[in-house]
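Taking it in order: structure first as structure tokens, then the write-up.
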Amino acid sequence: MVMTKVAPKKTVGNFGKLTAKMQRYREEIFDAKPYVDPERALLTTEAYQQYQDQQVDILRARVLEHILQKMTIFIEKDTLLVGNQAQHNRWAPVFPEYSMNWVIDELDTFEKRSGDVFYITDEAKEQLRKIAPFWQHNTLEDRGYAAFPEKSRLFYDLGLIGADGNITSGDGHIAVNYETVIKYGLVSYEKRIKEQMDQLDLTDINQQKQLYFYQAGLIVIKAVHDFADRYAQLAEKEAADATDQQRKDELLEIARIMRKVPYQPADSFYEAIQAVWFVHLILQIESNGHSVSYGRLDQYLNSFYENDVQAGKITAEKATELLTNLCMKTLTINKVRSWAHTEFSAGSPLYQNITIGGQTKDGKDAVNPMSYLILTAIAQAHLPQPNLTVRYHHGLSDHFMRQCVEVIKEGLGMPAFNNDEVIIPSFIARGVKKEDAYNYSAIGCVETAVPGKWGYRCTGMSFINFPRTLLIVMNGGRDPESGKQLLPNYGHFTEMKSYDELFTAWDQSLREITRQSVIIENTCDLALEQNYPDILCSVLTEDCIGRGKTIKEGGTIYDFISGLQVGIANLADSLAAIKKLVFEEKKITQQELWQALTDNFQGPGQEKLRQMLVNDAPKYGNDNDEVDQLIVQAYEPYIDEISKYKNTRYGRGPIGGTRYAGTSSISANVGQGHSTLATPDGRFARTPLSEGCSPSHSMDTDGPTAVFKSVSKLNTKAITGGVLLNQKMSPQLLRSPANCEKLVLLLRTFFNRLHGYHVQYNVVDRKTLVDAQEHPDKH
Amino acid sequence: MSTKRKINHDDKGLIFNIQKFSLNDGPGIRTVVFFKGCPLKCAWCANPESQARRPEKMYDEAKGCQIMVGEYRTVAEIMDVIMQDYDFYEESGGGVTLSGGEVLFQAPFAIKLAQAIKEKGIHLACETTGYTKPETFNEFYPYMDLIYFDCKQWSPLLHRQGTGGTNEMILKNMQTVIDSGKKYCIRIPVIPGFNYTDNDAQHFGELFGKMGVKRVELLPFHQFGLKKYADLGREYQMKDVAQLHSEDLLNYQKILQDAGITAQINGW
Ligand code: SF4
């Protein structure tokens with residue numbers, strides 16, 4: 001029998017407290033009320049008006065340049081890192097170029113929302129109304145709608161395929177190459193662009209297009225450099241005014257650093273972390289796509305830290321303070337979404353991920369002193385953002401795992417774990433080079449990509465509502481709610497002879513929806529490519545400079561994307577109930593079931609029928625093959641079909657250019673549940689769907705090992721876009737060290753033996769969790 | 001399922017629960033098989049549904065109705081469930097624990113099940129009161145890799161008053177295990193009004209000294225079983241007795257330690 005090594009007797013937990021300075025800074029951020037900030041919108045409008053004759057790459061570069069030159073900047077009195085996104089912390093800038101209609105429509109309702117409330121001043125409303133006409137028929141959303149093929153548009157409008165995020169926002173879902181930024185500075189990118197430019201033959205139209213990209217790249221690099229300089233000047237000015245000597249010194253140090261990075265290479269830990277934050281920030285001024293991630297923060301910061309320690313320039317405490325400062329800066333970034341989209345992303349999270357742990361390029365344990373300090377910083381800062389992911393591999397020490405469990409106990413739902421043992425081989429099988437596969441990081445929360453080399457949205461394309469699709473299939477291809485015929489009619493459920501007949505109809509219909517989702521995604525991608533290139537993000541992603549192309553034109557080394565399939569467990573449980581209770585045991589007739597679904601179980605005797613659906617049919621999440629195999633089969637048509645369709649970058653440079661499945665549905669399950677009638681698993685109409693590939697709420701009655709077993713039956717190798725598993729755990733359970741060790745063993749088995757992809761633990765009871773999403777300031 | 005005696009259940013065991021990922025029943029990740037039926041009748045029993053050696057009705061709050069507790073299951077059926085978590089046992093150094101009720105109240109079946117588990121090379125533990133004939137016990141315990149012994153009383157008389165049976169067989173079987181060199185763990189459920197006095201602790205100390213026991217675990221009395229009595233529609237004599245907390249056992253622990261016995265308090 002293989003016994004896992006006993007944990008070494010190093011202490012775990014004891015993360016200590018924030019420094020007094022950081023404690024004050026944290027309070028300041030939590031006290032900040034979220035407002036809708038019009039400043040970026042006004043500056044963007046000015047720039048668009050001034051530069052609309054420019055080639056699109058130049059136009060976009062000038063927009064960023066204009067914003068960075070003119071936007072309000074400030075240095076908070078308790079921060080050591082500088083850079084702000086809006087006029088005040090937690091204010092959310094408006095990005096009118098992506099979508100403006102909803103902003104105007106919701107101006108008077110932002111404050112009245114039931115969740116994710118934003119305040120707005122009358123002046124701001126006025127300013128936004130004034131620029132609105134310029135954006136009419138002039139946003140990503142308008143362009144997307146105009147370009148949708150009619151039939152596909154119907155799927156989008158009815159919400160069966162969700163793509164609000166893709167058509168009202170920038171892309172996001174990316175990590176750039178921070179290692180190069182801090183080691184070589186933006187100056188190195190500038191140099192490379194100039195070299196490339198020198199070689200262009202402008203008689204070739206393709207190379208002429210590249211010229212615009214390169215020119216745009218030089219504009220943004222200079223813009224970033226000048227923006228840093230603005231902070232240097234501000235810091236010097238504030239230093240001159242400062243009465244407190246310590247703060248004066250700090251400000252002068254900030255000024256020195258801002259004169260240097262991110263343009264020049266960083267030479268110390270402090271400089272490196274400032275450079276990373278600054279670039280991370282500007283990427284989120286350039287575009288409002290969420291899930292902009294840090295990549296493997298412990299890997300690229302550690303050498304700076306260790307050098308400083310050796311030179312006696314820094315202590316662990318000081319480094320931790322800077323890391324907590326980074327966490328809090330990360331939290332200041334905010335995003336206001338349309339109400340419709342908010343339902344898909346409750347809690348206004350931005351999914352800015354930090355990944356630690358994992359393996360080095362040659363397969364050794366990559367945990368280093370910085371990994372531990374980041375854990376400490378996350379525990380001390382105790383914030384809902386950034387998201388922390390630990391890359392698991394079998395060589396991860398028990399001590400590090402135990403320390404992770406101590407952070408889990410903080411109740412922040414992190415760290416989440418991604419599993420090297422599955423992700424790396426599946427990347428390699430898809431053509432990712434070994435050294436790159438070993439260097440992957442999490443993007444957002446579950447999904448994974450090679451930082452700095454991968455295009456946008458390794459996941460985060462469109463959402464397909466599986467349970468609602470089933471209802472449409474049962475209804476002869478007609479949407480029961482709108483009455484619209486969306487899919488071919490394979491017969492009504494009430495007339496079907498067998499489960500197999502239903503399954504065949506499901507198979508064919510799901511393939512059709514999959515095709516429609518591809519059309520919708522490509523439409524969004526086309527509009528984004530033609531009109532909204534992110535120049536800075538492209539410059540920092542390989543090998544856009546080498547190819548003279550933006551990310552969206554195929555500039556990256558790798559470009560695989562995935563959408564999200566929502567309601568996995570509801571589909572599983574629905575199919576099992578139909579198969580067993582209707583077709584096998586004939587306890588419920590087809591008519592009775594269909595009627596009950598139509599009546600939302602409100603008719604006479606229908607609650608009893610619903611109880612049968614809930615109690616008498618097997619449920620996904622209990623290691624029961626009878627139901628688990630049904631979802632494996634039902635997922636397969638999607639996995640098979642989606643693999644056939646290329647993305648818009650296919651054949652234009654990147655390895656891949658294709659799609660795969662993914663189930664990291666975050667909170668889309670709530671929004672998509674809203675538009676879904678009652679389902680055969682006994683779920684009431686409009687209530688949330690199940691999350692990711694987690695079992696339906698409280699349907700997993702056989703404990704965590706059974707959940708892991710069920711999840712592991714999914715075709716994880718094919719679902720490279722992420723298999724999200726959210727597990728809840730009571731705080732009492734983790735009180736004893738012995739139980740914490742058992743949690744480690746449980747995780748090891750899931751990852752080593754069952755090839756799990758991801759798991760995340762929430763150790764708060766459900767009520768606190770919901771409250772935390774709605775009032776993050778309270779927690 | 002009929003509960004009549006005449007139905008032949010020879011090949012089956014009466015089981016009231018199989019719990020995966022059970023946390024306090026041995027090393028690693030374990031599945032616990034709960035046997036239904038117990039020859040003793042402790043007033044503080046936290047699993048009253050485990051006492052009767054027949055299926056019985058019990059109210060299930062989650063379902064909002066009466067359910068049957070206890071099911072006759074074959075070795076093969078139980079093994080199917082056990083094997084589902086094989087990977088977890090192997091990775092974690094865990095396995096299976098047989099518990100109850102009293103496992104040895106269905107000794108022939110328990111032995112068959114133990115054989116099947118050992119054939120798969122799975123680590124096997126049991127939680128027992130040891131209240132069975134030594135011949136039966138001697139047939140059973142060699143299959144175990146680890147034995148948790150519930151030692152409730154040092155005095156035969158008081159044992160009978162509290163549980164309905166004396167402790168002579170128990171102590172004999174316990175001695176067998178101690179002498180066999182098997183891994184074992186002796187646990188004292190510390191119950192107010194039954195074995196919670198300083199005098200009790202002193203006597204336990206002497207007894208263990210004689211028997212060669214070096215270490216015991218103390219389990220403070222808790223009220224987790226309270227609701228189950230109501231759900232079974234049964235009277236619960238201990239309902240007004242206050243729970244004990246770890247700190248309530250510090251003196252008890254000290255007395256044992258003064259007698260040379262390491263006593264670990266396993267608070268809940
Ligand atoms: S021996 Fe155990 S199971 Fe039997 S009655 Fe006593 S406490 Fe309950």
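All residue names refer to the structure tokens as shown: chains lettered A, B, ... in order, residues numbered from 1 in each chain, ligands numbered from 1 in order.
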
Polymer residues at most 7 Å from region 213-227 of chain B, only C-alpha atoms, same-chain spacing of 4 or more positions, as a PyMOL selection string: chain B and resi 46-47+185-191+208-209+231+239+243-246+261-267

Hey, which residues come within 7 Å of ligand 1 if we count only C-alpha atoms and all ligand atoms? Could you give them as a tab-separated table (two decimals) with all heavy atoms, in the first residue's frame?
```
chain	number	residue	atom	x	y	z
B	38	CYS	N	-27.13	-4.56	18.86
B	38	CYS	CA	-26.11	-4.53	19.90
B	38	CYS	C	-26.62	-5.30	21.11
B	38	CYS	O	-27.78	-5.15	21.50
B	38	CYS	CB	-25.81	-3.08	20.29
B	38	CYS	SG	-24.53	-2.97	21.55
B	39	PRO	N	-25.77	-6.14	21.70
B	39	PRO	CA	-26.21	-6.92	22.86
B	39	PRO	C	-26.30	-6.05	24.11
B	39	PRO	O	-26.92	-6.46	25.09
B	39	PRO	CB	-25.11	-7.97	23.02
B	39	PRO	CG	-23.89	-7.34	22.40
B	39	PRO	CD	-24.38	-6.44	21.31
B	40	LEU	N	-25.68	-4.89	24.10
B	40	LEU	CA	-25.74	-4.03	25.28
B	40	LEU	C	-26.80	-2.95	25.07
B	40	LEU	O	-27.31	-2.77	23.97
B	40	LEU	CB	-24.37	-3.39	25.53
B	40	LEU	CG	-23.24	-4.38	25.78
B	40	LEU	CD1	-21.93	-3.64	26.01
B	40	LEU	CD2	-23.54	-5.29	26.97
B	41	LYS	N	-27.06	-2.24	26.12
B	41	LYS	CA	-28.05	-1.18	26.00
B	41	LYS	C	-27.60	-0.02	26.89
B	41	LYS	O	-28.10	0.16	27.99
B	41	LYS	CB	-29.43	-1.70	26.42
B	41	LYS	CG	-30.56	-0.89	25.78
B	41	LYS	CD	-31.89	-1.62	25.91
B	41	LYS	CE	-33.03	-0.91	25.19
B	41	LYS	NZ	-33.14	0.51	25.42
B	42	CYS	N	-26.66	0.75	26.39
B	42	CYS	CA	-26.13	1.85	27.18
B	42	CYS	C	-27.11	3.01	27.12
B	42	CYS	O	-27.60	3.37	26.06
B	42	CYS	CB	-24.79	2.32	26.61
B	42	CYS	SG	-23.65	0.97	26.30
B	44	TRP	N	-26.55	6.07	27.35
B	44	TRP	CA	-26.03	7.25	26.65
B	44	TRP	C	-25.81	7.01	25.16
B	44	TRP	O	-25.32	7.87	24.46
B	44	TRP	CB	-24.71	7.67	27.28
B	44	TRP	CG	-23.69	6.56	27.23
B	44	TRP	CD1	-22.85	6.28	26.21
B	44	TRP	CD2	-23.46	5.57	28.23
B	44	TRP	NE1	-22.10	5.17	26.50
B	44	TRP	CE2	-22.45	4.71	27.73
B	44	TRP	CE3	-24.02	5.32	29.51
B	44	TRP	CZ2	-21.99	3.62	28.47
B	44	TRP	CZ3	-23.55	4.24	30.22
B	44	TRP	CH2	-22.55	3.40	29.70
B	45	CYS	N	-26.19	5.82	24.70
B	45	CYS	CA	-25.85	5.44	23.33
B	45	CYS	C	-26.22	6.56	22.35
B	45	CYS	O	-27.34	7.04	22.31
B	45	CYS	CB	-26.61	4.17	22.96
B	45	CYS	SG	-26.20	3.59	21.30
B	46	ALA	N	-25.22	6.99	21.55
B	46	ALA	CA	-25.44	8.10	20.63
B	46	ALA	C	-26.03	7.61	19.31
B	46	ALA	O	-26.42	8.41	18.47
B	46	ALA	CB	-24.13	8.84	20.38
B	47	ASN	N	-26.06	6.31	19.12
B	47	ASN	CA	-26.66	5.75	17.91
B	47	ASN	C	-27.78	4.77	18.29
B	47	ASN	O	-27.67	3.58	18.05
B	47	ASN	CB	-25.61	4.99	17.07
B	47	ASN	CG	-24.61	5.93	16.46
B	47	ASN	OD1	-24.96	7.01	15.99
B	47	ASN	ND2	-23.35	5.53	16.46
B	48	PRO	N	-28.86	5.29	18.88
B	48	PRO	CA	-29.91	4.38	19.35
B	48	PRO	C	-30.48	3.53	18.21
B	48	PRO	O	-30.97	2.43	18.46
B	48	PRO	CB	-30.96	5.32	19.94
B	48	PRO	CG	-30.68	6.66	19.35
B	48	PRO	CD	-29.22	6.71	19.11
B	50	SER	N	-28.91	1.98	16.25
B	50	SER	CA	-28.03	0.85	16.01
B	50	SER	C	-28.29	-0.30	16.98
B	50	SER	O	-27.71	-1.36	16.87
B	50	SER	CB	-26.57	1.30	16.16
B	50	SER	OG	-26.26	1.46	17.54
B	51	GLN	N	-29.17	-0.09	17.95
B	51	GLN	CA	-29.29	-1.08	19.02
B	51	GLN	C	-30.13	-2.31	18.64
B	51	GLN	O	-29.71	-3.44	18.86
B	51	GLN	CB	-29.87	-0.42	20.28
B	51	GLN	CG	-28.88	0.56	20.93
B	51	GLN	CD	-29.49	1.30	22.10
B	51	GLN	OE1	-30.69	1.57	22.14
B	51	GLN	NE2	-28.66	1.65	23.07
B	100	GLY	N	-20.60	-0.14	14.65
B	100	GLY	CA	-21.98	-0.54	14.96
B	100	GLY	C	-22.70	0.54	15.73
B	100	GLY	O	-22.29	1.69	15.70
B	101	GLY	N	-23.68	0.09	16.52
B	101	GLY	CA	-24.03	-1.28	16.97
B	101	GLY	C	-22.79	-2.07	17.41
B	101	GLY	O	-21.79	-1.51	17.78
B	102	GLU	N	-22.94	-3.33	17.38
B	102	GLU	CA	-21.82	-4.19	17.72
B	102	GLU	C	-21.58	-5.17	16.58
B	102	GLU	O	-22.44	-6.00	16.28
B	102	GLU	CB	-22.10	-4.91	19.05
B	102	GLU	CG	-21.05	-5.91	19.45
B	102	GLU	CD	-19.64	-5.34	19.39
B	102	GLU	OE1	-19.35	-4.37	20.11
B	102	GLU	OE2	-18.81	-5.86	18.60
B	129	THR	N	-17.12	-3.27	21.25
B	129	THR	CA	-17.11	-3.32	22.71
B	129	THR	C	-16.46	-4.62	23.16
B	129	THR	O	-16.22	-4.81	24.34
B	129	THR	CB	-18.54	-3.33	23.29
B	129	THR	OG1	-19.25	-4.39	22.66
B	129	THR	CG2	-19.25	-2.04	23.03
B	163	THR	N	-24.94	-0.93	31.26
B	163	THR	CA	-25.05	-1.38	29.88
B	163	THR	C	-25.90	-2.63	29.71
B	163	THR	O	-26.20	-3.02	28.59
B	163	THR	CB	-23.66	-1.69	29.29
B	163	THR	OG1	-23.19	-2.90	29.90
B	163	THR	CG2	-22.68	-0.58	29.53
```

Report the closest atom pair, with its distance in Å rounded to one decimal, for each residue of chain A that has an atom no farther than 10 Å from chain B; count only C-alpha atoms, sort by chain and then rising residue number, and write it as a tab-separated table.
```
residue	atom	partner	partner_atom	distance
A:Met1	CA	B:Glu90	CA	5.9
A:Val2	CA	B:Glu90	CA	6.0
A:Met3	CA	B:Gly93	CA	5.0
A:Thr4	CA	B:Ser92	CA	6.2
A:Lys5	CA	B:Ser92	CA	9.5
A:Gln611	CA	B:Lys63	CA	9.3
A:Asn615	CA	B:Lys63	CA	8.6
A:Asp623	CA	B:Gln84	CA	7.7
A:Asn624	CA	B:Gln84	CA	9.6
A:Asp702	CA	B:Lys20	CA	6.8
A:Gly703	CA	B:Lys20	CA	6.4
A:Pro704	CA	B:Phe21	CA	7.1
A:Thr705	CA	B:Phe21	CA	6.4
A:Ala706	CA	B:Asp85	CA	7.8
A:Phe708	CA	B:Asp85	CA	10.0
A:Lys709	CA	B:Gln84	CA	8.2
A:Gln732	CA	B:Trp268	CA	9.7
A:Leu733	CA	B:Leu23	CA	9.0
A:Ser736	CA	B:Trp268	CA	9.5
A:Ala738	CA	B:Leu23	CA	8.7
A:Asn739	CA	B:Leu23	CA	6.8
A:Glu741	CA	B:Gly28	CA	8.7
A:Lys742	CA	B:Gly28	CA	6.4
A:Leu743	CA	B:Ile29	CA	9.0
A:Val744	CA	B:Ser92	CA	9.0
A:Leu745	CA	B:Ser92	CA	5.4
A:Leu746	CA	B:Phe88	CA	6.9
A:Leu747	CA	B:Phe88	CA	9.5
A:Arg748	CA	B:Glu91	CA	7.4
A:Thr749	CA	B:Phe88	CA	5.6
A:Phe750	CA	B:Phe88	CA	8.0
A:Asn752	CA	B:Glu91	CA	8.3
A:Arg753	CA	B:Asp87	CA	6.6
A:Leu754	CA	B:Asp87	CA	8.0
```

Alpha helix (DSSP H) per DSSP on the backbone: members of region 279-388 of chain A, as number ranges by chain: A: 279-286, 297-310, 316-332, 339-342, 369-381

Per DSSP on the backbone, what are the strand (DSSP E or B) residues of region 100-197 of chain B, as a compact mmCIF listing (two decimals) with C-alpha atoms, in the first residue's frame?
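Below is the file part-v9.txt, written as the result:
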```txt
# COMPACT_ATOMS: atom_id res chain seq x y z
CA HIS B 123 -6.56 -1.94 5.62
CA LEU B 124 -9.25 -3.08 8.05
CA ALA B 125 -10.21 -1.69 11.44
CA CYS B 126 -13.13 -2.25 13.75
CA GLU B 127 -14.82 -0.45 16.55
CA THR B 128 -16.11 -2.92 19.10
CA LEU B 146 -6.40 -2.09 14.00
CA ILE B 147 -8.92 -2.54 16.80
CA TYR B 148 -10.71 0.26 18.61
CA PHE B 149 -11.92 -1.06 21.93
CA ASP B 150 -14.71 0.68 23.76
CA LYS B 183 -2.46 -2.49 16.82
CA TYR B 184 -5.21 -1.35 19.11
CA CYS B 185 -6.64 1.74 20.67
CA ILE B 186 -8.66 1.78 23.87
CA ARG B 187 -11.29 4.46 24.21
CA ILE B 188 -13.22 5.40 27.32
CA PRO B 189 -16.50 7.17 26.73
CA VAL B 190 -16.55 9.36 29.83
```

Contacts of region 468-476 of chain A at 6 Å (only C-alpha atoms; same-chain gap of 5+ positions) as a ChimeraX atom specification: /A:489-493,676

For the residues in that selection, give me all heavy atoms as a CSV table (one decimal), in the first residue's frame.
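Full text of out.csv as output:
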```csv
chain,number,residue,atom,x,y,z
A,489,ASN,N,-37.7,19.5,-35.6
A,489,ASN,CA,-38.7,18.8,-34.8
A,489,ASN,C,-38.4,17.3,-35.0
A,489,ASN,O,-38.6,16.7,-36.0
A,489,ASN,CB,-40.1,19.1,-35.3
A,489,ASN,CG,-41.1,18.4,-34.5
A,489,ASN,OD1,-40.8,17.7,-33.6
A,489,ASN,ND2,-42.4,18.7,-34.9
A,490,TYR,N,-37.9,16.7,-33.9
A,490,TYR,CA,-37.7,15.2,-33.9
A,490,TYR,C,-38.9,14.5,-33.1
A,490,TYR,O,-38.7,13.4,-32.7
A,490,TYR,CB,-36.4,14.9,-33.2
A,490,TYR,CG,-35.2,15.4,-34.0
A,490,TYR,CD1,-34.6,16.6,-33.5
A,490,TYR,CD2,-34.7,14.8,-35.1
A,490,TYR,CE1,-33.5,17.1,-34.2
A,490,TYR,CE2,-33.6,15.4,-35.8
A,490,TYR,CZ,-33.0,16.5,-35.3
A,490,TYR,OH,-32.0,17.0,-36.0
A,491,GLY,N,-40.0,15.2,-33.0
A,491,GLY,CA,-41.1,14.6,-32.3
A,491,GLY,C,-41.2,15.1,-30.9
A,491,GLY,O,-40.2,15.5,-30.3
A,492,HIS,N,-42.5,15.2,-30.4
A,492,HIS,CA,-42.7,15.7,-29.0
A,492,HIS,C,-42.4,14.6,-28.0
A,492,HIS,O,-42.7,13.4,-28.3
A,492,HIS,CB,-44.1,16.2,-28.9
A,492,HIS,CG,-44.2,17.1,-27.7
A,492,HIS,ND1,-44.5,16.6,-26.4
A,492,HIS,CD2,-44.1,18.5,-27.5
A,492,HIS,CE1,-44.5,17.6,-25.5
A,492,HIS,NE2,-44.3,18.8,-26.2
A,493,PHE,N,-41.9,15.0,-26.9
A,493,PHE,CA,-41.5,14.0,-25.8
A,493,PHE,C,-42.7,13.1,-25.5
A,493,PHE,O,-42.6,11.9,-25.3
A,493,PHE,CB,-41.1,14.8,-24.6
A,493,PHE,CG,-41.0,13.9,-23.3
A,493,PHE,CD1,-40.0,13.0,-23.3
A,493,PHE,CD2,-41.8,14.1,-22.2
A,493,PHE,CE1,-39.8,12.2,-22.1
A,493,PHE,CE2,-41.7,13.4,-21.1
A,493,PHE,CZ,-40.7,12.4,-21.0
A,676,THR,N,-34.9,29.6,-17.5
A,676,THR,CA,-35.2,28.1,-17.7
A,676,THR,C,-36.4,27.7,-16.9
A,676,THR,O,-36.4,27.9,-15.7
A,676,THR,CB,-34.0,27.3,-17.4
A,676,THR,OG1,-32.8,27.8,-18.0
A,676,THR,CG2,-34.1,25.8,-17.8
```

Residue neighbourhood Gln175 (chain B), 12 Å, only C-alpha atoms, exclusion window fewer than 2 positions, as an MDAnalysis selection string: chainID B and resid 130 134 137:138 149 151 168:173 177:182 184 186 207:213

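The nearest approach to Val432 (chain A) among the residues A:Ala235, A:Ile655, A:Leu593, A:Val309, with only C-alpha atoms taken into account, belongs to A:Ile655.
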
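Going from CA of Met461 (chain A) over to CA of Gly165 (chain A), you cover 8.3 Å.
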
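For Trp154 (chain B), the list of residues within 8 Å, based on only C-alpha atoms and with local chain neighbours fewer than 6 positions off taken out, reads Asn167, Asp200, His203, Phe204 and Leu207 of chain B.
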
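Shortest separation to Asp573 (chain A) among A:Gln55, A:Thr663, A:Thr679, A:Ser698 occurs at residue A:Thr679, atoms counted being only C-alpha atoms.
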
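Between CA of Pro488 (chain A) and CA of Phe503 (chain A) the interatomic distance comes to 14.2 Å.
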
Within 10 Å of Asp60 (chain B) using only C-alpha atoms, minus same-chain residues under 6 positions, as a ChimeraX atom specification: /B:66-69,228,231-232
